[in-house]
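Participant: Got structure.cif for you, mmCIF, C-alpha atoms:
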data_model
loop_
_atom_site.label_atom_id
_atom_site.label_comp_id
_atom_site.auth_asym_id
_atom_site.auth_seq_id
_atom_site.Cartn_x
_atom_site.Cartn_y
_atom_site.Cartn_z
CA MET A 15 -41.88 170.40 153.28
CA ALA A 16 -40.98 166.73 153.73
CA PHE A 17 -41.32 164.41 150.72
CA LEU A 18 -41.95 161.12 152.55
CA SER A 19 -45.00 161.25 154.79
CA ASP A 20 -44.80 160.45 158.49
CA GLU A 21 -47.46 157.79 157.92
CA LEU A 22 -45.34 156.03 155.28
CA LEU A 23 -42.24 156.20 157.46
CA GLY A 24 -44.23 154.76 160.35
CA GLU A 25 -45.28 151.77 158.24
CA ILE A 26 -41.70 151.21 157.09
CA HIS A 27 -40.48 151.42 160.68
CA SER A 28 -43.02 148.83 161.79
CA ARG A 29 -41.44 146.24 159.48
CA ALA A 30 -37.75 147.00 160.08
CA ALA A 31 -37.22 144.52 162.91
CA ARG A 32 -38.86 141.71 160.93
CA TYR A 33 -36.73 142.20 157.83
CA ASP A 34 -33.62 142.32 159.99
CA ALA A 35 -34.56 139.14 161.86
CA GLU A 36 -35.49 137.28 158.67
CA ASN A 37 -32.50 138.62 156.71
CA THR A 38 -34.77 139.34 153.76
CA PHE A 39 -35.21 142.12 151.25
CA PRO A 40 -37.86 144.69 152.31
CA GLU A 41 -40.04 144.34 149.24
CA GLU A 42 -43.02 146.08 150.84
CA ASP A 43 -40.87 149.09 151.68
CA TYR A 44 -39.65 149.48 148.12
CA ASP A 45 -43.10 149.00 146.68
CA GLN A 46 -44.34 151.84 148.86
CA LEU A 47 -41.34 154.04 148.12
CA ARG A 48 -41.83 153.55 144.39
CA LYS A 49 -45.54 154.36 144.60
CA ALA A 50 -44.70 157.45 146.67
CA GLY A 51 -42.45 158.67 143.84
CA TYR A 52 -39.23 158.30 145.81
CA TYR A 53 -37.36 156.57 142.98
CA ALA A 54 -37.78 159.82 141.01
CA ALA A 55 -37.67 162.30 143.89
CA PHE A 56 -34.10 163.37 143.07
CA VAL A 57 -34.71 163.44 139.30
CA PRO A 58 -35.04 166.98 137.88
CA GLU A 59 -38.56 167.99 136.90
CA GLU A 60 -37.64 168.30 133.21
CA PHE A 61 -36.86 164.57 133.20
CA GLY A 62 -40.06 163.56 134.93
CA GLY A 63 -39.04 163.70 138.58
CA SER A 64 -39.78 165.85 141.62
CA GLY A 65 -36.59 167.87 141.44
CA LEU A 66 -35.40 167.66 145.04
CA THR A 67 -32.00 169.21 145.64
CA LEU A 68 -29.05 167.31 147.07
CA SER A 69 -29.65 168.90 150.47
CA GLU A 70 -33.32 167.94 150.32
CA ILE A 71 -32.75 164.31 149.33
CA ALA A 72 -30.10 164.07 152.05
CA ALA A 73 -32.68 165.23 154.60
CA GLU A 74 -35.13 162.60 153.35
CA GLN A 75 -32.46 159.92 153.64
CA THR A 76 -31.89 160.90 157.26
CA ARG A 77 -35.62 160.64 157.96
CA LEU A 78 -35.86 157.27 156.22
CA ALA A 79 -32.83 155.92 158.10
CA LYS A 80 -34.50 156.78 161.39
CA ALA A 81 -37.37 154.53 160.31
CA ALA A 82 -35.37 151.65 158.79
CA PRO A 83 -31.58 151.90 158.33
CA GLY A 84 -31.35 148.91 156.00
CA THR A 85 -34.02 150.22 153.66
CA ALA A 86 -32.47 153.67 153.73
CA LEU A 87 -28.97 152.43 152.97
CA GLY A 88 -30.27 150.35 150.06
CA ILE A 89 -32.27 153.10 148.35
CA ASN A 90 -29.35 155.40 149.12
CA MET A 91 -27.36 153.64 146.39
CA HIS A 92 -30.14 154.37 143.91
CA GLN A 93 -30.16 158.04 144.88
CA ILE A 94 -26.37 158.24 144.52
CA ILE A 95 -26.66 157.09 140.92
CA VAL A 96 -29.48 159.54 140.23
CA GLY A 97 -27.20 162.23 141.63
CA LEU A 98 -24.50 161.08 139.24
CA GLY A 99 -26.94 161.42 136.35
CA ARG A 100 -27.73 164.97 137.45
CA MET A 101 -24.07 165.96 137.62
CA LEU A 102 -23.34 164.46 134.21
CA VAL A 103 -26.20 166.37 132.62
CA ASP A 104 -25.17 169.58 134.40
CA ALA A 105 -21.67 169.10 132.94
CA GLY A 106 -23.14 168.80 129.43
CA ARG A 107 -22.74 165.03 129.29
CA SER A 108 -25.86 163.57 127.70
CA GLU A 109 -24.89 160.07 128.86
CA GLY A 110 -26.45 160.96 132.21
CA GLU A 111 -29.91 161.37 130.73
CA GLN A 112 -30.49 157.61 130.59
CA ILE A 113 -30.16 157.44 134.38
CA LEU A 114 -32.66 160.23 134.97
CA ARG A 115 -35.21 158.92 132.49
CA ASP A 116 -34.97 155.35 133.76
CA ALA A 117 -35.35 156.46 137.39
CA ALA A 118 -38.40 158.50 136.42
CA ASP A 119 -39.80 155.39 134.72
CA GLY A 120 -39.53 153.39 137.94
CA HIS A 121 -36.25 151.58 137.44
CA LEU A 122 -34.18 150.82 140.54
CA PHE A 123 -30.42 151.33 140.33
CA GLY A 124 -27.95 149.07 142.11
CA PHE A 125 -24.37 150.02 142.95
CA GLY A 126 -21.75 147.60 141.58
CA ILE A 127 -18.44 149.33 142.25
CA SER A 128 -16.70 147.63 145.21
CA GLU A 129 -14.45 144.64 144.51
CA PRO A 130 -12.88 142.08 146.88
CA GLY A 131 -9.47 143.20 148.10
CA ASN A 132 -9.41 146.34 145.93
CA ASP A 133 -8.58 149.31 148.13
CA LEU A 134 -8.42 151.63 145.12
CA VAL A 135 -12.23 151.48 145.20
CA LEU A 136 -13.40 154.11 142.69
CA PHE A 137 -9.93 154.95 141.42
CA GLY A 138 -9.10 151.68 139.69
CA SER A 139 -10.85 148.40 138.91
CA ILE A 140 -9.73 144.76 138.86
CA THR A 141 -12.77 143.86 136.73
CA ASP A 142 -12.02 143.38 133.03
CA ALA A 143 -13.85 145.67 130.61
CA GLU A 144 -13.31 144.16 127.18
CA PRO A 145 -14.19 146.31 124.14
CA THR A 146 -16.74 144.76 121.81
CA GLU A 147 -17.12 145.20 118.05
CA ASP A 148 -20.23 147.35 118.39
CA GLY A 149 -18.45 149.98 120.51
CA GLY A 150 -19.68 148.62 123.82
CA TYR A 151 -18.02 146.52 126.50
CA ALA A 152 -18.20 143.11 128.15
CA PHE A 153 -17.52 143.13 131.90
CA THR A 154 -15.99 140.16 133.70
CA GLY A 155 -15.23 140.28 137.41
CA THR A 156 -16.62 140.15 140.92
CA LYS A 157 -18.44 142.95 142.72
CA VAL A 158 -19.13 142.87 146.45
CA PHE A 159 -21.56 144.77 148.68
CA THR A 160 -23.90 145.11 145.70
CA SER A 161 -26.92 146.65 147.39
CA LEU A 162 -30.46 145.90 146.20
CA SER A 163 -29.31 142.64 144.62
CA PRO A 164 -32.79 141.03 144.51
CA ALA A 165 -34.49 144.04 142.97
CA TRP A 166 -32.27 146.30 140.88
CA THR A 167 -33.14 146.60 137.22
CA ARG A 168 -30.13 148.77 136.36
CA LEU A 169 -26.60 148.40 137.78
CA LEU A 170 -23.87 151.02 137.81
CA THR A 171 -20.52 149.29 137.43
CA PHE A 172 -17.01 149.82 136.13
CA GLY A 173 -14.02 147.89 134.87
CA ALA A 174 -10.55 148.34 133.42
CA ASP A 175 -10.03 148.61 129.66
CA SER A 176 -6.47 147.42 129.08
CA GLU A 177 -6.82 146.71 125.35
CA SER A 178 -7.68 149.99 123.64
CA SER A 179 -4.97 152.22 122.18
CA ASP A 180 -5.39 154.78 124.97
CA ALA A 181 -5.42 152.17 127.77
CA PRO A 182 -5.54 151.94 130.68
CA LYS A 183 -8.99 153.43 131.16
CA SER A 184 -11.67 152.94 133.80
CA VAL A 185 -14.95 152.30 131.99
CA PHE A 186 -18.17 153.24 133.78
CA ALA A 187 -21.47 151.93 132.44
CA ILE A 188 -25.06 151.00 133.25
CA LEU A 189 -25.91 147.30 133.00
CA ARG A 190 -29.48 146.20 132.33
CA ARG A 191 -30.62 143.18 134.27
CA GLU A 192 -32.60 141.77 131.37
CA ASP A 193 -29.43 141.56 129.23
CA GLY A 194 -27.97 138.79 131.40
CA GLY A 195 -24.34 137.97 132.06
CA VAL A 196 -24.87 138.41 135.81
CA THR A 197 -25.00 135.84 138.60
CA ILE A 198 -25.95 136.93 142.12
CA LYS A 199 -24.73 134.83 145.03
CA ASP A 200 -26.80 134.22 148.13
CA ASP A 201 -24.12 135.29 150.62
CA TRP A 202 -25.51 138.26 152.56
CA TYR A 203 -25.21 136.73 156.04
CA VAL A 204 -23.94 139.66 158.03
CA LEU A 205 -24.07 141.46 161.35
CA GLY A 206 -26.36 144.33 160.40
CA MET A 207 -27.90 146.33 157.55
CA ARG A 208 -29.49 143.06 156.46
CA GLY A 209 -32.30 144.70 154.53
CA THR A 210 -29.88 145.99 151.89
CA GLN A 211 -29.31 142.40 150.67
CA SER A 212 -25.93 143.46 149.27
CA ASN A 213 -24.99 140.13 147.75
CA THR A 214 -21.86 139.40 145.77
CA THR A 215 -22.39 139.85 142.02
CA LEU A 216 -20.49 137.93 139.38
CA LEU A 217 -20.14 139.69 136.04
CA GLU A 218 -19.69 136.98 133.44
CA GLY A 219 -19.15 138.82 130.19
CA ALA A 220 -22.05 141.16 130.99
CA ARG A 221 -22.46 143.34 127.93
CA VAL A 222 -23.37 146.98 127.48
CA LYS A 223 -23.95 148.87 124.27
CA ALA A 224 -22.01 152.01 123.47
CA GLU A 225 -24.88 154.23 124.60
CA GLN A 226 -24.83 152.62 128.06
CA VAL A 227 -21.24 153.73 128.67
CA LEU A 228 -21.13 156.77 130.96
CA GLY A 229 -17.47 157.52 130.49
CA ARG A 230 -13.91 156.31 130.02
CA VAL A 231 -11.67 157.84 132.65
CA ASP A 232 -7.99 157.76 133.55
CA PRO A 233 -7.54 155.64 136.71
CA GLY A 234 -6.75 157.49 139.92
CA PRO A 235 -8.23 160.49 141.73
CA ASN A 236 -9.60 162.99 139.23
CA LEU A 237 -12.44 165.42 138.69
CA ASP A 238 -14.09 163.81 135.68
CA PRO A 239 -17.86 164.27 136.17
CA VAL A 240 -18.34 160.49 136.36
CA VAL A 241 -15.85 160.05 139.20
CA LEU A 242 -16.78 163.24 141.03
CA GLY A 243 -20.48 162.54 140.56
CA ILE A 244 -20.23 159.14 142.20
CA PHE A 245 -17.82 160.28 144.90
CA ALA A 246 -19.69 163.41 145.95
CA ASN A 247 -23.16 161.88 146.07
CA PHE A 248 -21.89 158.72 147.75
CA GLU A 249 -20.14 160.51 150.60
CA ILE A 250 -22.87 163.09 151.25
CA LEU A 251 -25.82 160.71 151.08
CA LEU A 252 -24.03 158.03 153.07
CA ALA A 253 -23.36 160.64 155.76
CA ALA A 254 -27.02 161.61 155.75
CA THR A 255 -28.11 158.01 156.14
CA TYR A 256 -25.84 157.30 159.10
CA ALA A 257 -26.92 160.57 160.67
CA GLY A 258 -30.42 159.10 160.77
CA VAL A 259 -29.19 156.07 162.70
CA GLY A 260 -27.59 158.30 165.34
CA GLU A 261 -30.63 160.55 165.62
CA ARG A 262 -32.95 157.59 166.03
CA ALA A 263 -30.76 156.08 168.75
CA ILE A 264 -31.14 159.26 170.79
CA GLU A 265 -34.92 159.17 170.39
CA VAL A 266 -35.07 155.56 171.57
CA ALA A 267 -32.77 156.22 174.52
CA VAL A 268 -34.64 159.34 175.65
CA GLU A 269 -37.94 157.50 175.65
CA HIS A 270 -36.39 154.63 177.61
CA VAL A 271 -34.66 156.61 180.37
CA LYS A 272 -37.80 158.65 180.99
CA LYS A 273 -39.55 155.40 181.98
CA ARG A 274 -36.72 153.33 183.48
CA ARG A 275 -36.56 153.76 187.26
CA SER A 276 -33.59 153.51 189.57
CA VAL A 277 -34.21 151.44 192.68
CA MET A 278 -31.33 153.15 194.46
CA ASN A 279 -32.37 156.74 193.63
CA GLN A 280 -36.13 156.16 193.53
CA THR A 281 -36.55 158.21 190.37
CA VAL A 282 -36.34 157.74 186.61
CA TYR A 283 -32.92 157.54 185.01
CA ALA A 284 -33.65 160.73 183.08
CA ASN A 285 -32.93 162.52 186.37
CA ASP A 286 -29.55 160.83 186.88
CA PRO A 287 -26.74 163.35 186.18
CA ALA A 288 -24.51 160.72 184.60
CA ILE A 289 -27.27 159.58 182.21
CA ARG A 290 -28.13 163.17 181.36
CA TRP A 291 -24.46 163.80 180.54
CA ARG A 292 -24.30 160.76 178.27
CA LEU A 293 -27.34 161.72 176.24
CA ALA A 294 -26.31 165.36 176.11
CA GLU A 295 -22.95 164.20 174.75
CA ALA A 296 -24.79 162.12 172.14
CA ALA A 297 -26.93 165.08 171.11
CA LEU A 298 -23.87 167.33 170.83
CA LEU A 299 -22.15 164.84 168.55
CA MET A 300 -25.15 164.68 166.21
CA ASN A 301 -25.61 168.45 166.32
CA ALA A 302 -22.28 168.86 164.51
CA VAL A 303 -23.09 166.46 161.67
CA GLY A 304 -26.03 168.10 159.92
CA PRO A 305 -24.29 171.41 159.16
CA GLN A 306 -21.37 169.59 157.52
CA ILE A 307 -23.72 167.61 155.28
CA ARG A 308 -25.62 170.72 154.25
CA GLU A 309 -22.44 172.72 153.64
CA MET A 310 -20.93 170.13 151.29
CA ALA A 311 -24.25 169.52 149.53
CA ALA A 312 -24.56 173.25 148.88
CA LEU A 313 -20.97 173.40 147.60
CA VAL A 314 -21.49 170.48 145.20
CA GLU A 315 -24.63 172.10 143.76
CA SER A 316 -23.09 175.56 143.57
CA ASP A 317 -21.33 177.15 140.60
CA ALA A 318 -17.94 176.72 142.30
CA GLU A 319 -15.21 175.15 140.19
CA PRO A 320 -14.35 171.70 141.62
CA ASN A 321 -10.82 170.97 142.71
CA LEU A 322 -9.06 167.92 144.12
CA GLY A 323 -9.41 169.37 147.61
CA TRP A 324 -13.11 168.50 147.41
CA LEU A 325 -12.36 164.78 147.64
CA PRO A 326 -10.87 164.73 151.16
CA ARG A 327 -13.50 167.21 152.31
CA LEU A 328 -16.26 164.94 151.03
CA SER A 329 -14.62 161.95 152.73
CA ALA A 330 -14.53 163.92 155.96
CA VAL A 331 -18.29 164.45 155.91
CA LYS A 332 -18.96 160.72 155.67
CA ASN A 333 -16.39 160.02 158.37
CA ALA A 334 -17.88 162.65 160.69
CA ALA A 335 -21.37 161.18 160.35
CA SER A 336 -20.48 157.50 160.64
CA GLU A 337 -18.05 157.96 163.54
CA ALA A 338 -20.37 160.30 165.42
CA SER A 339 -23.30 157.94 164.96
CA LEU A 340 -21.24 154.98 166.15
CA ARG A 341 -20.28 156.87 169.31
CA VAL A 342 -23.85 158.08 169.79
CA VAL A 343 -25.36 154.60 169.58
CA GLU A 344 -22.78 153.40 172.08
CA GLN A 345 -23.66 156.20 174.50
CA CYS A 346 -27.34 155.39 174.13
CA VAL A 347 -26.74 151.70 174.81
CA ARG A 348 -24.77 152.61 177.93
CA ALA A 349 -27.52 154.97 179.09
CA CYS A 350 -30.25 152.36 178.63
CA GLY A 351 -28.42 149.52 180.34
CA GLY A 352 -28.65 145.77 179.89
CA SER A 353 -32.08 145.72 178.26
CA SER A 354 -30.53 147.17 175.09
CA TYR A 355 -28.52 143.95 174.74
CA TYR A 356 -31.66 141.99 173.85
CA ASP A 357 -32.53 141.51 170.19
CA LYS A 358 -36.02 142.87 170.76
CA ASN A 359 -34.61 146.26 171.74
CA GLU A 360 -34.29 148.62 168.78
CA LEU A 361 -30.94 149.86 170.06
CA SER A 362 -29.52 146.37 169.59
CA ARG A 363 -30.36 146.53 165.89
CA LEU A 364 -29.16 150.13 165.53
CA TYR A 365 -25.84 149.16 167.10
CA ARG A 366 -25.35 146.38 164.57
CA ASP A 367 -26.47 148.57 161.68
CA VAL A 368 -24.23 151.51 162.49
CA LEU A 369 -21.11 149.32 162.38
CA ALA A 370 -21.41 149.04 158.58
CA GLY A 371 -20.21 152.63 158.33
CA LEU A 372 -16.75 151.50 159.40
CA PHE A 373 -16.25 149.57 156.18
CA GLN A 374 -17.75 151.86 153.56
CA PRO A 375 -15.55 154.30 151.65
CA SER A 376 -13.87 156.41 152.58
CA ASP A 377 -12.42 154.52 155.52
CA GLN A 378 -10.38 156.25 158.21
CA GLU A 379 -7.06 155.10 156.79
CA SER A 380 -7.60 156.67 153.36
CA LEU A 381 -9.23 159.72 154.93
CA HIS A 382 -6.28 160.46 157.19
CA GLY A 383 -3.83 159.78 154.39
CA ALA A 384 -5.60 162.28 152.14
CA TRP A 385 -5.75 164.92 154.86
CA ALA A 386 -2.10 164.39 155.78
CA ASN A 387 -1.17 165.05 152.15
CA MET A 388 -3.39 168.12 152.10
CA VAL A 389 -1.99 169.54 155.35
CA LEU A 390 1.64 168.35 155.23
CA GLY A 391 2.23 167.64 151.59
CA PRO A 392 3.44 164.28 150.24
CA VAL A 393 5.90 162.16 152.19
CA ALA A 394 9.42 163.42 151.58
CA ASP A 395 11.94 161.17 149.84
#
Using the file provided, produce a representation of the structure as structure tokens.
Facilitator:
Amino acid sequence: MAFLSDELLGEIHSRAARYDAENTFPEEDYDQLRKAGYYAAFVPEEFGGSGLTLSEIAAEQTRLAKAAPGTALGINMHQIIVGLGRMLVDAGRSEGEQILRDAADGHLFGFGISEPGNDLVLFGSITDAEPTEDGGYAFTGTKVFTSLSPAWTRLLTFGADSESSDAPKSVFAILRREDGGVTIKDDWYVLGMRGTQSNTTLLEGARVKAEQVLGRVDPGPNLDPVVLGIFANFEILLAATYAGVGERAIEVAVEHVKKRRSVMNQTVYANDPAIRWRLAEAALLMNAVGPQIREMAALVESDAEPNLGWLPRLSAVKNAASEASLRVVEQCVRACGGSSYYDKNELSRLYRDVLAGLFQPSDQESLHGAWANMVLGPVAD
């Protein structure tokens, strides 16, 4: 049974074009999602949530993305962090409980991981995490693509501790907006996914107490529950969100070609063999995405022992969804013709939105590098 009602998704869809055109945060969407219990949908029941599984929340993200990609991608970051909290608790790490309880209480989590020019992404930070006398940390650095900037009340972030005796360590923690030390720039002037309002965030000695620290981890690829929790939920839920963009593009194109008539052939374009081939090709591409998402979600929530081979496999799921959706939207634009070039056409917005998947981790370069190492081994000396 679906969690988000069709009526709610219809209302969210009706506002998507306006938020995109205005380049504003979809406050009404988030108000409705909060009231519908979606902030806590992925939180286990024992912590006050609805207890959806990873596969189930992924399916909801796909449905939401079909209604409003920007809103879906924004709340996706919240759900990723809730998923991290779940994996920490499942691993016996009580630090994750604060995430689950706060999400159940209506807090909205932002994602403050990416940094300008840092292609290590999750595996090493250029933000300074300075130890404080009370056992906490003060973070100083710049975070980019910080989704939900106008609205988050909690922010997942990390930095590098280079001062402690066991340094270097990557320090992951939850910042609280009310504690200050954060400046948000008004710089989200972008091609698509405008509703995420992923503004640059300046951490200016932003402090966390010891209990807000989720973990101190060796830099680099590893299977610490903090790193794996972020990585796994990020890749799977991002894939699910972009899958929604591709699926929606097909719906829009099908409706259009059933009405659009060819003067030359004196029939609707839905009867044109070339158009039928294009949309069949689009449907085939999307048909292959869902099973990959469900397979990896089931693996992550299984009792299987994680290994480093999971990381490239998780990257592959995101890549499959974002690349397939990009190709699908292109096919749909081609099938619908010049009218899809106008701003008022939903395909125009979907085309701009789907391009964001090119930049989000894992990109194709790191993906192919990881798979080359897995298949061929490291480069020989």
Participant: Between A:Leu66, A:Met101, A:Ala297, A:Ala79, which one has atoms that come closest to Ser316 in chain A, using only C-alpha atoms?
Facilitator: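 The answer is A:Met101, which sits nearest to Ser316 in chain A.
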Participant: Please indicate the distance in Å from CA of Ile307 in chain A to CA of Trp385 in chain A, rounded to one decimal place.
Facilitator: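 About the pair CA of Ile307 in chain A and CA of Trp385 in chain A: they are 18.2 Å apart.
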Participant: Using the chain letters and residue numbers of this document, give as a VMD selection string the residues selected by the PyMOL selection byres ((chain A and resi 348-351) around 8).
Facilitator: chain A and resid 267 270 to 271 289 292 to 293 344 to 347 352 to 355
Participant: To one decimal in Å, tell me the separation between CA of Leu390 in chain A and CA of Asn333 in chain A.
Facilitator: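 Separation between CA of Leu390 in chain A and CA of Asn333 in chain A: 20.1 Å.
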Participant: Taking into account only C-alpha atoms, which residue in the set A:Leu68, A:Ala187, A:Val240, A:Val158 is nearest to Leu216 in chain A?
Facilitator: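 Of A:Leu68, A:Ala187, A:Val240, A:Val158, the one nearest Leu216 in chain A is A:Val158, counting only C-alpha atoms.
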Participant: At a cut-off of 9 Å, using only C-alpha atoms, what residues contact range 17-20 of chain A? Leave out same-chain residues fewer than 5 positions from it and give the result as a list in words.
Facilitator: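 My reading of the contact set: Glu25, Leu47, Ala50, Tyr52, Ala55, Leu66, Glu70, Ile71, Glu74, Arg77 and Leu78 of chain A.
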Participant: Please determine, counting all atoms listed in the file, which residue among A:Leu98, A:Ala143, A:Leu298, A:Ala253 has the shortest atom-to-atom distance to Glu177 in chain A.
Facilitator: A:Ala143
Participant: I want to know what sits within 10 Å of Gln75 in chain A, based on all atoms listed in the file, with residues of the same chain fewer than 6 positions away left out; could you give that as number ranges by chain?
Facilitator: A: 18, 69, 81, 83, 85-87, 89-90, 93, 251-258
Participant: How would you write, as a PyMOL selection string, the residues chosen by the PyMOL selection byres ((chain A and resi 189-200) around 6) on this structure?
Facilitator: chain A and resi 167-169+188+201+213-220
Participant: Determine the residue membership of the PyMOL selection byres ((chain A and resi 121) around 8) for the file above and supply it as an MDAnalysis selection string.
Facilitator: chainID A and resid 53 116:120 122:123 166:168
Participant: Extract, using all atoms listed in the file, all DNA, RNA and protein residues at most 6 Å from range 367-376 of chain A, discarding same-chain residues fewer than 4 positions from it, and format them as JSON, numbers by chain.
Facilitator: {"A": [206, 207, 329, 336, 340]}
Participant: Every residue with an atom at most 10 Å from (-32.2, 145.9, 155.1) (file coordinates; all atoms listed in the file) is what I'm after, so could you write them as JSON, numbers by chain?
Facilitator: {"A": [30, 31, 32, 33, 34, 35, 36, 37, 38, 39, 40, 41, 43, 82, 83, 84, 85, 86, 87, 88, 89, 161, 162, 206, 207, 208, 209, 210, 211, 212, 367]}
Participant: Can you work out the spacing between CA of Thr156 in chain A and CA of Ala174 in chain A in Å, to one decimal?
Facilitator: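 The value is 12.7 Å.
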Participant: Using all atoms listed in the file, determine which residues lie at most 9 Å from Gly138 in chain A, disregarding the query and same-chain residues fewer than 5 positions distant; provide the list as a PyMOL selection string.
Facilitator: chain A and resi 132-133+172-174+183-184+232-234
Participant: Got a moment to write range 69-87 of chain A out with C-alpha atoms, as a PDB file, in the first residue's frame?
Facilitator:
ATOM      1  CA  SER A  69      12.599  -0.696  -0.702  1.00  0.00           C
ATOM      2  CA  GLU A  70       9.334   0.926   0.357  1.00  0.00           C
ATOM      3  CA  ILE A  71      10.769   4.406   0.906  1.00  0.00           C
ATOM      4  CA  ALA A  72      12.557   4.106  -2.441  1.00  0.00           C
ATOM      5  CA  ALA A  73       9.213   3.379  -4.110  1.00  0.00           C
ATOM      6  CA  GLU A  74       7.691   6.442  -2.432  1.00  0.00           C
ATOM      7  CA  GLN A  75      10.586   8.579  -3.618  1.00  0.00           C
ATOM      8  CA  THR A  76       9.958   7.446  -7.182  1.00  0.00           C
ATOM      9  CA  ARG A  77       6.273   8.364  -6.870  1.00  0.00           C
ATOM     10  CA  LEU A  78       7.105  11.758  -5.365  1.00  0.00           C
ATOM     11  CA  ALA A  79       9.675  12.487  -8.081  1.00  0.00           C
ATOM     12  CA  LYS A  80       7.040  11.878 -10.735  1.00  0.00           C
ATOM     13  CA  ALA A  81       5.008  14.639  -9.081  1.00  0.00           C
ATOM     14  CA  ALA A  82       7.805  17.134  -8.355  1.00  0.00           C
ATOM     15  CA  PRO A  83      11.470  16.214  -8.924  1.00  0.00           C
ATOM     16  CA  GLY A  84      12.842  19.161  -6.954  1.00  0.00           C
ATOM     17  CA  THR A  85      10.746  18.405  -3.896  1.00  0.00           C
ATOM     18  CA  ALA A  86      11.615  14.722  -4.141  1.00  0.00           C
ATOM     19  CA  LEU A  87      15.346  15.326  -4.438  1.00  0.00           C
TER      20      LEU A  87
END
